[in-house]
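Here is the structure we will look at, set down as structure tokens.
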4 protein chains.
Amino acid sequence: METPSLRSEMGWSTADRITVRGMDLCQDVLGKLSLGDFAFLEITGRTPSAAESTVFNAVLAVLVEHGMTPSAMVARLTYLGAPESMQAAIAAGLCGLGTTFAGTAEGAARLLQGVRPLGTDVPYDAAEAADTAARIVREHREQRLPVPGIGHPVHKPVDPRAVRLFAIAQENGLAGPYVTLMQAISQEAERAFGKAGRLPVNATGAIGAIASELGLSWKLCRGLAVVSRAVGLLGHLAEEIEHPIANTLWVRTEEASSSHLVPKEPQ
Amino acid sequence: METPSLRSEMGWSTADRITVRGMDLCQDVLGKLSLGDFAFLEITGRTPSAAESTVFNAVLAVLVEHGMTPSAMVARLTYLGAPESMQAAIAAGLCGLGTTFAGTAEGAARLLQGVRPLGTDVPYDAAEAADTAARIVREHREQRLPVPGIGHPVHKPVDPRAVRLFAIAQENGLAGPYVTLMQAISQEAERAFGKAGRLPVNATGAIGAIASELGLSWKLCRGLAVVSRAVGLLGHLAEEIEHPIANTLWVRTEEASSSHLVPKEPQ
Amino acid sequence: METPSLRSEMGWSTADRITVRGMDLCQDVLGKLSLGDFAFLEITGRTPSAAESTVFNAVLAVLVEHGMTPSAMVARLTYLGAPESMQAAIAAGLCGLGTTFAGTAEGAARLLQGVRPLGTDVPYDAAEAADTAARIVREHREQRLPVPGIGHPVHKPVDPRAVRLFAIAQENGLAGPYVTLMQAISQEAERAFGKAGRLPVNATGAIGAIASELGLSWKLCRGLAVVSRAVGLLGHLAEEIEHPIANTLWVRTEEASSSHLVPKEPQ
Amino acid sequence: METPSLRSEMGWSTADRITVRGMDLCQDVLGKLSLGDFAFLEITGRTPSAAESTVFNAVLAVLVEHGMTPSAMVARLTYLGAPESMQAAIAAGLCGLGTTFAGTAEGAARLLQGVRPLGTDVPYDAAEAADTAARIVREHREQRLPVPGIGHPVHKPVDPRAVRLFAIAQENGLAGPYVTLMQAISQEAERAFGKAGRLPVNATGAIGAIASELGLSWKLCRGLAVVSRAVGLLGHLAEEIEHPIANTLWVRTEEASSSHLVPKEPQ
């Protein structure tokens with residue numbers, strides 16, 4: 001039996017050369033590959049085509065900034081306590097990108113790739129998508145599980161991000177079987193649950209479908225959210241440095257949480 | 001006195017519209033702004049020019065992938081224990097981007113911006129840079145402090161990443177006073193310490209200088225490393241999923257660390 | 001409908017008084033409550049009896065120190081990069097206490113509490129335990145799922161920690177229905193799988209059973225591991241400060257991972 | 001030159017035995033050593049005396065629970081997003097125990113141990129303490145630096161936690177030179193700054209002094225806070241599971257932060 005190895009293909013360097021994913025960092029990457037395209041190289045081992053680049057960067061861009069989310073609050077509150085380690089503030093904010101939020105894109109991609117494994121090469125037609133969608137919705141309904149990737153509390157009757165992502169995929173020739181199936185699931189769910197216009201494909205459903213079109217395993221979908229949100233959290237910390245709110249947020253929350261406990265001062 | 005506020009300008013959304021940093025996400029960002037350019041928008045509040053985009057993405061790209069670093073090892077070992085939360089594996093890896101590694105770009109930028117505050121508009125000439133550099137090197141020498149941004153244990157006589165970053169900045173009209181000063185510091189240090197060809201500007205020195213040219217506060221430099229390395233850590237986790245090494249790394253390390261403790265079995 | 005509230009009962013303070021969980025910190029806690037007993041107070045809202053204290057601290061103590069685990073390696077490697085923020089090194093180490101390791105105590109407790117909800121007051125006899133155990137083992141076997149809380153790659157035919165924890169629980173009058181059931185599951189699994197002496201209750205199974213005896217929800221079991229391991233990671237960092245190994249670990253791993261990539265120097 | 005080693009003395013195990021810090025886990029630790037005493041063993045390599053145990057556990061207990069702090073908010077908000085990984089929620093909360101909060105005990109201990117290194121065996125008298133205190137206060141004043149360990153925004157004229165910790169140390173024969181010096185610094189600062197009754201030794205000053213009496217390096221003081229607060233954060237998560245507030249906190253904060261941005265609906 002072969003001895004387990006520690007081999008990695010990610011990168012190496014000598015005195016005058018740095019190689020990443022087989023490419024010369026200084027000659028082939030710096031000044032030529034944008035951060036988003038470098039992310040594609042990191043996870044697939046190859047640089048994206050122009051079409052893939054546009055679509056992949058759009059997927060990442062959807063996840064960067066969602067306003068004052070829990071993860072943004074966490075990064076700011078952590079920076080308040082540990083301004084010496086901005087890295088820990090961003091890390092803390094990322095820790096909350098779990099099943100409740102980022103996990104839904106993962107769930108959608110997993111569902112789609114379970115039906116049609118990555119690398120499948122046979123054609124796909126709308127009728128087959130409708131059949132599969134009907135089965136998926138029925139199974140989730142029977143087990144009283146939510147169908148991943150559809151519905152949104154605010155964005156109704158459609159999630160404009162999903163609409164735009166699908167359009168970008170279409171323009172770039174990357175709207176294939178996974179997009180078809182995700183859309184069929186939404187239509188079937190709206191029909192089966194009698195909720196016309198209330199169970200659109202949402203942003204995470206679109207991300208799960210398009211990541212699948214790009215050949216990315218569902219296991220990495222959560223990581224896409226993490227990478228993108230790291231960018232957004234840096235933005236929040238840049239604002240926090242200029243216009244801090246974390247201390248005010250703390251003071252107000254502490255007051256609201258404990259005012260019922262503190263005995264009133266005697267008059 | 002005004003009541004402290006929780007106001008933020010980062011983003012907001014309604015049923016049919018999402019706005020980030022004042023831009024319409026669906027119309028103006030998706031499909032148009034790459035991840036790196038979005039990062040520039042997040043921290044400066046405006047989109048970069050083409051020249052700024054090239055230079056800024058090059059700075060980010062330098063920091064993405066350094067091979068099997070401690071942060072990559074940490075991400076892989078964390079994923080081994082908690083595969084259910086990839087976000088925590090990346091976060092754990094980012095926690096180590098502190099003063100030893102990512103902090104050096106911060107230090108270089110802080111030094112440069114201490115001499116010439118961001119927004120300074122007066123011209124800068126080489127003679128002034130040489131004088132300032134001489135003073136900086138003298139002061140660090142007297143206090144026996146390392147000068148941030150120069151020297152590298154492996155990359156000698158030059159750090160090829162710094163050379164390339166400065167060339168990219170030059171080509172894009174963004175090699176100004178901070179680059180001049182950083183280079184003067186390296187020359188002066190080599191002279192003063194009698195170490196010709198051994199104290200070149202290193203990658204973090206170049207990053208500190210160019211971030212300053214882009215108008216980015218030294219307080220954000222560590223964050224640039226965090227954002228970039230998040231991309232690299234996702235790459236390492238993608239490889240770890242396909243070709244896991246963390247368990248082998250653990251077993252070998254445990255054996256190496258405790259073999260002197262375990263009593264030999266009686267024969 | 002009542003407005004959702006931010007109320008918390010954890011603690012509050014005024015100029016001359018600090019109250020935690022309803023107790024006066026200075027008068028009733030400091031000098032009287034050990035860290036482990038304070039943990040019991042924090043999660044249950046009351047101080048433990050002497051018997052509960054002994055058993056609860058034993059559960060915590062099992063989880064503190066397991067030698068050079070991935071979480072210990074992570075804490076050390078993170079401290080190497082960010083010595084300015086020891087908090088982040090410990091936090092990074094804790095991030096890996098997930099489903100692979102700490103999650104197994106959670107799984108055992110969840111299984112037991114699913115069969116017999118916390119607070120159940122009816123008696124429990126060995127025959128009932130055997131029946132339930134047979135059903136549980138059968139169901140896991142049919143679904144090809146591992147039964148949580150039994151078996152260990154190293155500790156065979158028994159896990160000495162589980163044996164000792166059960167003895168401590170017994171001595172303190174806290175070995176009740178959950179312990180009975182956990183032991184029955186092990187016996188039934190060894191019988192059903194034909195693996196006599198190879199599927200003992202392991203440490204995490206014992207922890208899950210005893211946490212249930214103490215009335216602690218399975219949802220908190222992973223947290224017990226986190227609290228205990230935080231203590232162990234501080235120990236590893238104390239050793240790392242005195243006798244650092246992280247840099248050597250890094251250098252060796254980098255070499256082992258990339259030596260196949262680096263071109264040989266021409267002779 | 002000796003090859004750098006990965007040796008560790010923390011622990012090891014074989015099939016029937018687990019040893020931690022040289023002690024047999026099952027025979028000598030479980031049921032005998034409380035969590036706090038185990039922490040002492042982990043960082044010093046020996047078990048505490050009864051007096052040391054009382055004092056050390058009191059130091060830890062001071063740091064467990066401070067009500068709705070930023071770190072508690074962070075843990076709750078992270079759990080909201082990633083309920084599958086409680087470890088990451090606690091880790092995120094710990095990331096903020098940096099220079100602003102936990103760092104002050106570190107600063108006080110560092111100051112004290114700088115004046116009188118650990119292990120110093122010569123006697124110490126009040127007059128020497130007063131001289132040293134005067135010098136320390138003068139130096140901090142000249143450099144406009146805050147003196148670590150004194151003053152508190154709420155707890156005035158004394159911090160009752162410091163008073164109680166010093167009393168516990170006294171009762172246990174552990175109020176020695178470091179406590180004397182810390183108290184002298186407070187007195188001198190109140191005199192020099194003309195702030196009688198407003199610069200008492202605070203809780204972190206007392207912790208820094210007493211940790212020094214226990215022989216613990218200032219480098220570990222932040223880690224004591226981390227270990228203790230991990231306990232407190234588990235308490236907050238236990239409450240969050242029963243009575244969640246994180247979602248309400250998010251909704252309120254998002255509303256407060258962005259209401260000025262959202263255009264009013266046309267009437």
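Following the order of the structure tokens, first chain is A, next is B, and so on, with residues numbered from 1 inside each chain and ligands from 1 in the order they appear.
Here is the contact set of chain A against chain D, at 6 Å and counting only C-alpha atoms: Met68, Pro70, Val74, Leu77, Thr78, Gly81, Ala82, Ala88, Ala92, Cys95, Gly96, Leu97, Gly98, Thr99, Thr100, Phe101 and Glu254 of chain A.
Using only C-alpha atoms, the protein and nucleic acid residues lying no more than 10 Å from Thr204 (chain A), apart from those fewer than 3 places from it along its own chain, are Val59, Val62, Leu63, Phe101, Ala102, Gly103, Thr104, Ala105, Glu106, Gly107, Ala108, Ala109, Pro148, Gly149, Ile150, Gly151, His152, Asp159, Arg161, Ala162, Val201, Ile207, Gly208, Ala209, Ile210, Cys221 and Ala225 of chain A.
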So which residues touch Tyr124 (chain A) within 9 Å, counting only C-alpha atoms, skipping near sequence neighbours fewer than 4 positions away, as a PDB file with N, CA and C atoms, in the first residue's frame?
```pdb
ATOM      1  N   GLU A 128     -38.387  16.336 -19.563  1.00  0.00           N
ATOM      2  CA  GLU A 128     -37.687  15.581 -18.525  1.00  0.00           C
ATOM      3  C   GLU A 128     -37.522  16.452 -17.268  1.00  0.00           C
ATOM      4  N   ALA A 129     -37.195  17.731 -17.489  1.00  0.00           N
ATOM      5  CA  ALA A 129     -37.050  18.647 -16.353  1.00  0.00           C
ATOM      6  C   ALA A 129     -38.356  18.747 -15.576  1.00  0.00           C
ATOM      7  N   GLY A 176     -27.866  26.100 -19.025  1.00  0.00           N
ATOM      8  CA  GLY A 176     -28.093  24.757 -19.537  1.00  0.00           C
ATOM      9  C   GLY A 176     -29.081  23.987 -18.685  1.00  0.00           C
ATOM     10  N   PRO A 177     -28.862  22.693 -18.549  1.00  0.00           N
ATOM     11  CA  PRO A 177     -29.839  21.809 -17.884  1.00  0.00           C
ATOM     12  C   PRO A 177     -30.112  22.170 -16.425  1.00  0.00           C
ATOM     13  N   THR A 180     -32.471  25.098 -16.362  1.00  0.00           N
ATOM     14  CA  THR A 180     -33.795  24.602 -16.771  1.00  0.00           C
ATOM     15  C   THR A 180     -34.484  23.877 -15.618  1.00  0.00           C
TER      16      THR A 180
END
```
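The gap separating CA of Gly31 (chain C) from CA of Ala167 (chain D) is 9.6 Å, in Å to one decimal.
Computed from the coordinates, the CA of Ile18 (chain C) to CA of Leu224 (chain D) distance equals 19.9 Å.
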Could you pull out the residues in region 55-198 of chain B that DSSP calls helix (DSSP H, G or I) from the backbone, as a PyMOL selection string? chain B and resi 55-62+70-81+86-94+103-115+126-142+160-171+177-192
